[in-house]
file model-v6.cif (mmCIF, C-alpha atoms)
data_protein
loop_
_atom_site.group_PDB
_atom_site.id
_atom_site.type_symbol
_atom_site.label_atom_id
_atom_site.label_comp_id
_atom_site.auth_asym_id
_atom_site.auth_seq_id
_atom_site.Cartn_x
_atom_site.Cartn_y
_atom_site.Cartn_z
ATOM 1 C CA ILE K 1 -24.369 -1.976 -4.313
ATOM 2 C CA GLN K 2 -23.350 -0.622 -7.692
ATOM 3 C CA LEU K 3 -24.533 2.875 -6.752
ATOM 4 C CA ILE K 4 -22.526 2.744 -3.524
ATOM 5 C CA VAL K 5 -19.415 1.766 -5.455
ATOM 6 C CA GLU K 6 -19.862 4.261 -8.296
ATOM 7 C CA ARG K 7 -21.182 7.351 -6.535
ATOM 8 C CA GLY K 8 -20.828 6.812 -2.805
ATOM 9 C CA GLY K 9 -23.268 6.117 -0.006
ATOM 10 C CA ALA K 10 -25.434 9.226 -0.496
ATOM 11 C CA ALA K 11 -26.355 8.162 -4.044
ATOM 12 C CA ALA K 12 -27.355 4.738 -2.736
ATOM 13 C CA VAL K 13 -29.652 6.384 -0.202
ATOM 14 C CA GLU K 14 -31.264 8.479 -2.943
ATOM 15 C CA ALA K 15 -32.007 5.319 -4.928
ATOM 16 C CA LEU K 16 -33.937 3.744 -2.030
ATOM 17 C CA PRO K 17 -37.754 3.874 -1.845
ATOM 18 C CA ASP K 18 -39.162 6.958 -0.089
ATOM 19 C CA GLY K 19 -40.223 5.121 3.079
ATOM 20 C CA ILE K 20 -36.716 3.787 3.672
ATOM 21 C CA ARG K 21 -34.839 6.848 2.404
ATOM 22 C CA LYS K 22 -36.507 9.171 4.910
ATOM 23 C CA ASN K 23 -35.475 7.015 7.879
ATOM 24 C CA GLN K 24 -31.684 7.066 8.374
ATOM 25 C CA ASN K 25 -31.651 3.839 10.399
ATOM 26 C CA ALA K 26 -33.736 1.983 7.827
ATOM 27 C CA ALA K 27 -31.538 3.283 4.997
ATOM 28 C CA ALA K 28 -28.364 2.333 6.867
ATOM 29 C CA GLU K 29 -29.665 -1.154 7.640
ATOM 30 C CA THR K 30 -30.713 -1.678 4.020
ATOM 31 C CA ILE K 31 -27.269 -0.660 2.788
ATOM 32 C CA GLU K 32 -25.575 -2.825 5.450
ATOM 33 C CA ASN K 33 -27.659 -5.846 4.443
ATOM 34 C CA ASN K 34 -26.675 -5.375 0.799
ATOM 35 C CA VAL K 35 -22.998 -5.033 1.696
ATOM 36 C CA ARG K 36 -23.232 -8.121 3.940
ATOM 37 C CA LYS K 37 -24.774 -10.072 1.034
ATOM 38 C CA LEU K 38 -21.915 -8.976 -1.223
ATOM 39 C CA ILE K 39 -19.372 -10.137 1.365
ATOM 40 C CA ILE K 40 -21.119 -13.493 1.795
ATOM 41 C CA ASP K 41 -21.384 -14.012 -1.973
ATOM 42 C CA GLU K 42 -17.695 -13.245 -2.541
ATOM 43 C CA SER K 43 -16.408 -15.096 0.538
ATOM 44 C CA PRO K 44 -15.714 -18.484 -1.137
ATOM 45 C CA ILE K 45 -13.207 -16.763 -3.433
ATOM 46 C CA ASN K 46 -11.015 -15.583 -0.520
ATOM 47 C CA PRO K 47 -12.480 -16.473 2.893
ATOM 48 C CA LYS K 48 -9.805 -14.728 4.990
ATOM 49 C CA TYR K 49 -10.061 -11.445 3.084
ATOM 50 C CA TYR K 50 -13.841 -11.372 3.261
ATOM 51 C CA GLU K 51 -13.736 -12.339 6.922
ATOM 52 C CA ARG K 52 -11.764 -9.110 7.457
ATOM 53 C CA MET K 53 -14.315 -7.199 5.359
ATOM 54 C CA SER K 54 -17.090 -8.623 7.531
ATOM 55 C CA GLU K 55 -15.257 -7.531 10.683
ATOM 56 C CA LEU K 56 -14.866 -4.020 9.269
ATOM 57 C CA LEU K 57 -18.574 -3.934 8.432
ATOM 58 C CA ASP K 58 -19.427 -5.084 11.962
ATOM 59 C CA ALA K 59 -17.250 -2.287 13.386
ATOM 60 C CA LEU K 60 -18.963 0.301 11.151
ATOM 61 C CA ILE K 61 -22.380 -0.947 12.218
ATOM 62 C CA GLU K 62 -21.353 -0.733 15.859
ATOM 63 C CA GLN K 63 -20.071 2.830 15.390
ATOM 64 C CA ARG K 64 -23.314 3.809 13.683
ATOM 65 C CA LYS K 65 -25.404 2.298 16.455
ATOM 66 C CA ARG K 66 -23.391 4.147 19.117
ATOM 67 C CA ASP K 67 -23.800 7.380 17.134
ATOM 68 C CA ALA K 68 -20.001 7.606 17.002
ATOM 69 C CA LEU K 69 -20.123 8.642 13.336
ATOM 70 C CA ALA K 70 -22.007 11.409 11.603
ATOM 71 C CA TYR K 71 -24.407 9.947 9.034
ATOM 72 C CA GLU K 72 -22.473 11.447 6.104
ATOM 73 C CA ASP K 73 -19.187 10.030 7.468
ATOM 74 C CA TYR K 74 -20.859 6.669 7.904
ATOM 75 C CA LEU K 75 -22.065 6.732 4.290
ATOM 76 C CA ALA K 76 -18.562 7.598 3.074
ATOM 77 C CA LYS K 77 -17.014 4.751 5.079
ATOM 78 C CA ILE K 78 -19.626 2.233 3.967
ATOM 79 C CA ALA K 79 -18.986 3.271 0.344
ATOM 80 C CA GLU K 80 -15.235 2.728 0.838
ATOM 81 C CA LEU K 81 -15.817 -0.680 2.432
ATOM 82 C CA THR K 82 -18.162 -1.653 -0.395
ATOM 83 C CA GLN K 83 -15.510 -0.659 -2.935
ATOM 84 C CA GLN K 84 -12.949 -2.871 -1.160
ATOM 85 C CA ALA K 85 -15.353 -5.794 -0.969
ATOM 86 C CA LYS K 86 -16.421 -5.436 -4.615
ATOM 87 C CA ASN K 87 -12.877 -5.137 -5.984
ATOM 88 C CA GLY K 88 -11.207 -7.683 -3.707
ATOM 89 C CA PRO K 89 -7.700 -7.414 -2.342
ATOM 90 C CA THR K 90 -5.293 -5.021 -4.040
ATOM 91 C CA SER K 91 -1.715 -5.880 -4.928
ATOM 92 C CA ALA K 92 -0.266 -3.184 -2.644
ATOM 93 C CA ALA K 93 -0.733 -5.382 0.449
ATOM 94 C CA TYR K 94 1.112 -8.382 -1.022
ATOM 95 C CA PRO K 95 4.645 -9.384 -2.019
ATOM 96 C CA THR K 96 5.364 -8.721 -5.690
ATOM 97 C CA THR K 97 5.255 -12.442 -6.536
ATOM 98 C CA ILE K 98 1.680 -12.660 -5.258
ATOM 99 C CA ASN K 99 0.385 -10.938 -8.370
ATOM 100 C CA SER K 100 -3.002 -12.472 -9.182
ATOM 101 C CA PRO K 101 -6.310 -12.897 -7.380
ATOM 102 C CA ALA K 102 -5.832 -16.664 -7.086
ATOM 103 C CA LYS K 103 -2.347 -16.298 -5.608
ATOM 104 C CA ARG K 104 -3.679 -13.660 -3.183
ATOM 105 C CA ALA K 105 -6.416 -16.038 -2.073
ATOM 106 C CA LEU K 106 -3.890 -18.822 -1.497
ATOM 107 C CA PHE K 107 -1.524 -16.459 0.322
ATOM 108 C CA ASP K 108 -4.272 -15.097 2.589
ATOM 109 C CA ASN K 109 -5.644 -18.523 3.421
ATOM 110 C CA LEU K 110 -2.295 -20.260 3.927
ATOM 111 C CA GLU K 111 -1.199 -18.047 6.823
ATOM 112 C CA ARG K 112 0.478 -15.629 4.406
ATOM 113 C CA ASP K 113 3.090 -18.236 3.464
ATOM 114 C CA GLU K 114 4.445 -16.899 0.168
ATOM 115 C CA THR K 115 6.537 -19.965 -0.663
ATOM 116 C CA LEU K 116 3.652 -22.362 -0.085
ATOM 117 C CA ALA K 117 1.174 -20.207 -2.032
ATOM 118 C CA LEU K 118 3.532 -20.066 -5.011
ATOM 119 C CA ALA K 119 4.251 -23.812 -4.817
ATOM 120 C CA ILE K 120 0.553 -24.664 -4.812
ATOM 121 C CA ASP K 121 -0.150 -22.219 -7.646
ATOM 122 C CA ALA K 122 2.612 -23.809 -9.738
ATOM 123 C CA ALA K 123 1.343 -27.315 -8.902
ATOM 124 C CA ILE K 124 -2.177 -26.411 -9.988
ATOM 125 C CA ARG K 125 -1.030 -24.825 -13.227
ATOM 126 C CA ALA K 126 1.159 -27.822 -14.055
ATOM 127 C CA SER K 127 -1.496 -30.444 -13.272
ATOM 128 C CA ARG K 128 -4.843 -28.958 -14.279
ATOM 129 C CA GLN K 129 -6.465 -29.906 -17.529
ATOM 130 C CA ASP K 130 -9.356 -28.394 -19.439
ATOM 131 C CA ASP K 131 -12.643 -28.697 -17.558
ATOM 132 C CA TRP K 132 -10.831 -30.287 -14.610
ATOM 133 C CA ARG K 133 -13.573 -29.464 -12.079
ATOM 134 C CA ALA K 134 -16.131 -31.652 -13.901
ATOM 135 C CA ASN K 135 -13.990 -34.783 -14.154
ATOM 136 C CA ALA K 136 -13.122 -36.876 -11.096
ATOM 137 C CA PHE K 137 -9.849 -38.122 -12.596
ATOM 138 C CA LYS K 138 -8.711 -34.596 -13.448
ATOM 139 C CA VAL K 139 -9.686 -33.383 -9.967
ATOM 140 C CA LYS K 140 -7.658 -36.237 -8.460
ATOM 141 C CA LYS K 141 -4.632 -35.185 -10.535
ATOM 142 C CA VAL K 142 -4.887 -31.614 -9.198
ATOM 143 C CA LEU K 143 -5.526 -32.921 -5.677
ATOM 144 C CA ASN K 144 -2.393 -35.081 -5.794
ATOM 145 C CA ALA K 145 -0.327 -32.143 -7.062
ATOM 146 C CA VAL K 146 -1.649 -29.889 -4.284
ATOM 147 C CA ARG K 147 -1.052 -32.611 -1.690
ATOM 148 C CA ALA K 148 2.550 -32.966 -2.903
ATOM 149 C CA ALA K 149 3.083 -29.194 -2.757
ATOM 150 C CA MET K 150 1.682 -29.163 0.782
ATOM 151 C CA GLU K 151 3.707 -32.154 1.943
ATOM 152 C CA GLY K 152 4.266 -31.829 5.670
ATOM 153 C CA LYS K 153 1.858 -28.862 5.922
ATOM 154 C CA ASP K 154 -1.376 -30.790 6.498
ATOM 155 C CA THR K 155 -2.260 -30.307 10.146
ATOM 156 C CA LEU K 156 -5.084 -32.844 10.225
ATOM 157 C CA ALA K 157 -4.943 -36.543 9.443
ATOM 158 C CA GLU K 158 -4.681 -37.252 5.735
ATOM 159 C CA ALA K 159 -7.245 -40.049 5.809
ATOM 160 C CA PRO K 160 -10.858 -38.845 5.934
ATOM 161 C CA HIS K 161 -12.450 -39.339 9.321
ATOM 162 C CA ALA K 162 -15.619 -38.241 11.068
ATOM 163 C CA ASP K 163 -16.271 -35.965 14.018
ATOM 164 C CA TYR K 164 -18.530 -36.942 16.911
ATOM 165 C CA ASP K 165 -21.659 -36.251 14.806
ATOM 166 C CA GLY K 166 -20.497 -38.480 11.976
ATOM 167 C CA ARG K 167 -19.752 -35.542 9.650
ATOM 168 C CA PRO K 168 -16.519 -35.760 7.667
ATOM 169 C CA VAL K 169 -13.681 -33.589 8.945
ATOM 170 C CA LEU K 170 -11.881 -31.635 6.249
ATOM 171 C CA THR K 171 -8.142 -31.833 6.099
ATOM 172 C CA GLU K 172 -6.060 -28.815 5.189
ATOM 173 C CA VAL K 173 -5.691 -30.212 1.661
ATOM 174 C CA ASP K 174 -9.486 -30.460 1.365
ATOM 175 C CA ARG K 175 -9.845 -26.852 2.537
ATOM 176 C CA VAL K 176 -7.300 -25.666 -0.035
ATOM 177 C CA MET K 177 -9.023 -27.663 -2.784
ATOM 178 C CA ASP K 178 -12.322 -25.948 -1.932
ATOM 179 C CA LEU K 179 -10.552 -22.603 -2.221
ATOM 180 C CA ILE K 180 -8.972 -23.583 -5.561
ATOM 181 C CA ARG K 181 -12.316 -24.703 -7.019
ATOM 182 C CA ASN K 182 -13.666 -21.194 -6.402
ATOM 183 C CA GLN K 183 -10.902 -19.472 -8.360
ATOM 184 C CA ASN K 184 -11.821 -18.495 -11.906
ATOM 185 C CA GLU K 185 -8.138 -18.315 -12.734
ATOM 186 C CA TYR K 186 -7.707 -22.077 -12.483
#

call {"tool": "encode", "arguments": {"input": "model-v6.cif", "output": "structure tokens"}}
result
Amino acid sequence: IQLIVERGGAAAVEALPDGIRKNQNAAAETIENNVRKLIIDESPINPKYYERMSELLDALIEQRKRDALAYEDYLAKIAELTQQAKNGPTSAAYPTTINSPAKRALFDNLERDETLALAIDAAIRASRQDDWRANAFKVKKVLNAVRAAMEGKDTLAEAPHADYDGRPVLTEVDRVMDLIRNQNEY
């Protein structure tokens, strides 16, 4: 992955073992699998963004399989996609107030609602305490602040309930809390 990001797809191919390097399909599939792993690993940080990255990867794979791209063009595009996945979303695609990775993740995953993303960010910053993720009382304080910021926005019942298999159904607040827990910024 690092070679793809630093020097482009051709350098990544050169770094592969001889048996794979000499077969374009095997090399492409190896690179695709590594990019897919990167996307999966980074997905909890911003699920909506990495869902888009996954869709772009799927489209590139489809183009490669249909021979719609020359191999060198494919390598260039896969290198560009890898760069985007590795670096995460850039500030150019966001309002100026959405100026940090955590705010971008909230914005992307809250239907691009700038006001709500900023309100939740402010609520988290005001309520979090040191090592809040490891302490149930501190988590509850953040949860209550997020719930207050989202008042009226929760589309599912607030009380936990189970689906037909007995598994708990996450509310919107739960989903946002999972997203928040994955942000290094908080």

call {"tool": "closest_residue", "arguments": {"input": "model-v6.cif", "among": "K:Asp131, K:Glu172, K:Asp58, K:Glu185", "to": "Arg147 of chain K", "atoms": "all atoms listed in the file"}}
result
K:Glu172

call {"tool": "residues_near_point", "arguments": {"input": "model-v6.cif", "point": "(-4.8, -33.3, -1.6)", "cutoff": "9 Å", "atoms": "all atoms listed in the file", "output": "list of chain:residue names"}}
result
K:Lys140, K:Val142, K:Leu143, K:Asn144, K:Ala145, K:Val146, K:Arg147, K:Ala148, K:Ala149, K:Met150, K:Glu158, K:Thr171, K:Glu172, K:Val173, K:Asp174, K:Val176, K:Met177

call {"tool": "atom_distance", "arguments": {"input": "model-v6.cif", "atom1": "atom CA of Arg125 of chain K", "atom2": "atom CA of Glu51 of chain K"}}
result
26.9 Å

call {"tool": "residues_around", "arguments": {"input": "model-v6.cif", "residues": "Thr97 of chain K", "least_positions_apart": "3", "cutoff": "10 Å", "atoms": "all atoms listed in the file", "output": "list in words"}}
result
Ser91, Tyr94, Ser100, Lys103, Arg104, Glu114, Thr115, Ala117 and Leu118 of chain K

call {"tool": "residues_around", "arguments": {"input": "model-v6.cif", "residues": "Asn109 of chain K", "least_positions_apart": "5", "cutoff": "8 Å", "atoms": "all atoms listed in the file", "output": "VMD selection string"}}
result
chain K and resid 46 to 48

call {"tool": "atom_distance", "arguments": {"input": "model-v6.cif", "atom1": "atom CA of Glu55 of chain K", "atom2": "atom CA of Arg181 of chain K"}}
result
24.8 Å

call {"tool": "resolve_selection", "arguments": {"input": "model-v6.cif", "expression": "the PyMOL selection byres ((chain K and resi 21-38) around 9)", "output": "ChimeraX atom specification"}}
result
/K:1,4,9,12-20,39-43,54,57,61,64-65,71,74-75,78,81-82,85-86

call {"tool": "write_last_selection", "arguments": {"input": "model-v6.cif", "atoms": "C-alpha atoms", "output": "short mmCIF file (atom, residue, chain, number, x, y, z; two decimals), keeping the file's coordinate frame"}}
result
data_model
loop_
_atom_site.label_atom_id
_atom_site.label_comp_id
_atom_site.auth_asym_id
_atom_site.auth_seq_id
_atom_site.Cartn_x
_atom_site.Cartn_y
_atom_site.Cartn_z
CA ILE K 1 -24.37 -1.98 -4.31
CA ILE K 4 -22.53 2.74 -3.52
CA GLY K 9 -23.27 6.12 -0.01
CA ALA K 12 -27.36 4.74 -2.74
CA VAL K 13 -29.65 6.38 -0.20
CA GLU K 14 -31.26 8.48 -2.94
CA ALA K 15 -32.01 5.32 -4.93
CA LEU K 16 -33.94 3.74 -2.03
CA PRO K 17 -37.75 3.87 -1.84
CA ASP K 18 -39.16 6.96 -0.09
CA GLY K 19 -40.22 5.12 3.08
CA ILE K 20 -36.72 3.79 3.67
CA ILE K 39 -19.37 -10.14 1.36
CA ILE K 40 -21.12 -13.49 1.80
CA ASP K 41 -21.38 -14.01 -1.97
CA GLU K 42 -17.70 -13.24 -2.54
CA SER K 43 -16.41 -15.10 0.54
CA SER K 54 -17.09 -8.62 7.53
CA LEU K 57 -18.57 -3.93 8.43
CA ILE K 61 -22.38 -0.95 12.22
CA ARG K 64 -23.31 3.81 13.68
CA LYS K 65 -25.40 2.30 16.45
CA TYR K 71 -24.41 9.95 9.03
CA TYR K 74 -20.86 6.67 7.90
CA LEU K 75 -22.06 6.73 4.29
CA ILE K 78 -19.63 2.23 3.97
CA LEU K 81 -15.82 -0.68 2.43
CA THR K 82 -18.16 -1.65 -0.40
CA ALA K 85 -15.35 -5.79 -0.97
CA LYS K 86 -16.42 -5.44 -4.62
#

call {"tool": "atom_distance", "arguments": {"input": "model-v6.cif", "atom1": "atom CA of Phe137 of chain K", "atom2": "atom CA of Ala102 of chain K"}}
result
22.5 Å

call {"tool": "closest_residue", "arguments": {"input": "model-v6.cif", "among": "K:Ile45, K:Arg52, K:Leu69, K:Arg175", "to": "Leu110 of chain K", "atoms": "all atoms listed in the file"}}
result
K:Arg175

call {"tool": "closest_residue", "arguments": {"input": "model-v6.cif", "among": "K:Ile124, K:Ala92, K:Leu179, K:Ala119", "to": "Val139 of chain K", "atoms": "only C-alpha atoms"}}
result
K:Ile124

call {"tool": "closest_residue", "arguments": {"input": "model-v6.cif", "among": "K:Asn182, K:Asn99, K:Ser127, K:Gln84", "to": "Met53 of chain K", "atoms": "all atoms listed in the file"}}
result
K:Gln84

call {"tool": "closest_residue", "arguments": {"input": "model-v6.cif", "among": "K:Arg128, K:Ala11, K:Phe107, K:Asp178", "to": "Ala79 of chain K", "atoms": "all atoms listed in the file"}}
result
K:Ala11

call {"tool": "axis_aligned_box", "arguments": {"input": "model-v6.cif", "around": "segment 14-28 of chain K", "padding_each_side": "6 Å", "output": "lines of an AutoDock Vina configuration file"}}
result
center_x = -34.3
center_y = 5.6
center_z = 2.7
size_x = 23.9
size_y = 19.2
size_z = 27.3

call {"tool": "decode", "arguments": {"input": "model-v6.cif", "residues": "segment 67-141 of chain K", "atoms": "C-alpha atoms", "output": "mmCIF file, in the first residue's frame"}}
result
data_model
loop_
_atom_site.group_PDB
_atom_site.id
_atom_site.type_symbol
_atom_site.label_atom_id
_atom_site.label_comp_id
_atom_site.auth_asym_id
_atom_site.auth_seq_id
_atom_site.Cartn_x
_atom_site.Cartn_y
_atom_site.Cartn_z
ATOM 1 C CA ASP K 67 -10.654 -4.487 -20.352
ATOM 2 C CA ALA K 68 -12.036 -0.942 -20.481
ATOM 3 C CA LEU K 69 -8.766 0.455 -19.111
ATOM 4 C CA ALA K 70 -5.206 0.024 -20.272
ATOM 5 C CA TYR K 71 -3.132 -1.638 -17.545
ATOM 6 C CA GLU K 72 -1.008 1.488 -17.002
ATOM 7 C CA ASP K 73 -4.155 3.651 -16.709
ATOM 8 C CA TYR K 74 -5.601 1.154 -14.270
ATOM 9 C CA LEU K 75 -2.443 1.310 -12.144
ATOM 10 C CA ALA K 76 -2.566 5.115 -12.133
ATOM 11 C CA LYS K 77 -6.226 5.129 -11.068
ATOM 12 C CA ILE K 78 -5.694 2.516 -8.367
ATOM 13 C CA ALA K 79 -2.775 4.591 -7.031
ATOM 14 C CA GLU K 80 -5.011 7.689 -6.919
ATOM 15 C CA LEU K 81 -7.780 5.773 -5.143
ATOM 16 C CA THR K 82 -5.277 4.370 -2.653
ATOM 17 C CA GLN K 83 -4.013 7.888 -1.944
ATOM 18 C CA GLN K 84 -7.586 9.056 -1.256
ATOM 19 C CA ALA K 85 -8.308 6.088 0.985
ATOM 20 C CA LYS K 86 -5.023 6.453 2.892
ATOM 21 C CA ASN K 87 -5.363 10.207 3.448
ATOM 22 C CA GLY K 88 -9.105 10.313 4.109
ATOM 23 C CA PRO K 89 -11.425 13.094 3.051
ATOM 24 C CA THR K 90 -9.905 16.449 2.137
ATOM 25 C CA SER K 91 -11.239 19.783 3.331
ATOM 26 C CA ALA K 92 -12.032 20.985 -0.206
ATOM 27 C CA ALA K 93 -15.273 18.962 -0.299
ATOM 28 C CA TYR K 94 -16.626 20.393 2.970
ATOM 29 C CA PRO K 95 -17.941 23.689 4.345
ATOM 30 C CA THR K 96 -15.225 25.759 6.011
ATOM 31 C CA THR K 97 -16.598 25.026 9.497
ATOM 32 C CA ILE K 98 -16.135 21.294 8.930
ATOM 33 C CA ASN K 99 -12.396 21.609 9.428
ATOM 34 C CA SER K 100 -11.218 18.436 11.166
ATOM 35 C CA PRO K 101 -11.360 14.715 10.449
ATOM 36 C CA ALA K 102 -13.831 14.116 13.284
ATOM 37 C CA LYS K 103 -16.171 16.862 12.080
ATOM 38 C CA ARG K 104 -15.923 15.480 8.524
ATOM 39 C CA ALA K 105 -16.871 12.030 9.781
ATOM 40 C CA LEU K 106 -19.873 13.434 11.646
ATOM 41 C CA PHE K 107 -20.898 15.544 8.647
ATOM 42 C CA ASP K 108 -20.636 12.616 6.217
ATOM 43 C CA ASN K 109 -22.531 10.239 8.470
ATOM 44 C CA LEU K 110 -25.258 12.673 9.533
ATOM 45 C CA GLU K 111 -26.608 13.226 6.017
ATOM 46 C CA ARG K 112 -24.245 16.171 5.520
ATOM 47 C CA ASP K 113 -26.088 18.215 8.152
ATOM 48 C CA GLU K 114 -23.544 20.900 9.049
ATOM 49 C CA THR K 115 -25.499 22.321 11.986
ATOM 50 C CA LEU K 116 -26.010 18.914 13.578
ATOM 51 C CA ALA K 117 -22.379 17.865 13.038
ATOM 52 C CA LEU K 118 -21.140 21.055 14.695
ATOM 53 C CA ALA K 119 -23.629 20.713 17.571
ATOM 54 C CA ILE K 120 -22.539 17.147 18.276
ATOM 55 C CA ASP K 121 -18.855 18.083 18.025
ATOM 56 C CA ALA K 122 -19.374 20.908 20.532
ATOM 57 C CA ALA K 123 -21.359 18.603 22.845
ATOM 58 C CA ILE K 124 -18.595 16.006 22.798
ATOM 59 C CA ARG K 125 -15.868 18.544 23.463
ATOM 60 C CA ALA K 126 -17.829 20.070 26.342
ATOM 61 C CA SER K 127 -18.708 16.745 27.990
ATOM 62 C CA ARG K 128 -15.756 14.423 27.429
ATOM 63 C CA GLN K 129 -13.237 13.827 30.148
ATOM 64 C CA ASP K 130 -9.810 12.232 30.104
ATOM 65 C CA ASP K 131 -9.951 8.534 29.242
ATOM 66 C CA TRP K 132 -13.717 8.777 28.733
ATOM 67 C CA ARG K 133 -13.944 5.631 26.576
ATOM 68 C CA ALA K 134 -12.741 3.391 29.437
ATOM 69 C CA ASN K 135 -15.171 4.643 32.080
ATOM 70 C CA ALA K 136 -18.893 3.868 31.915
ATOM 71 C CA PHE K 137 -19.868 7.039 33.787
ATOM 72 C CA LYS K 138 -17.806 9.235 31.469
ATOM 73 C CA VAL K 139 -19.252 7.464 28.418
ATOM 74 C CA LYS K 140 -22.756 8.081 29.784
ATOM 75 C CA LYS K 141 -21.956 11.793 30.165
#
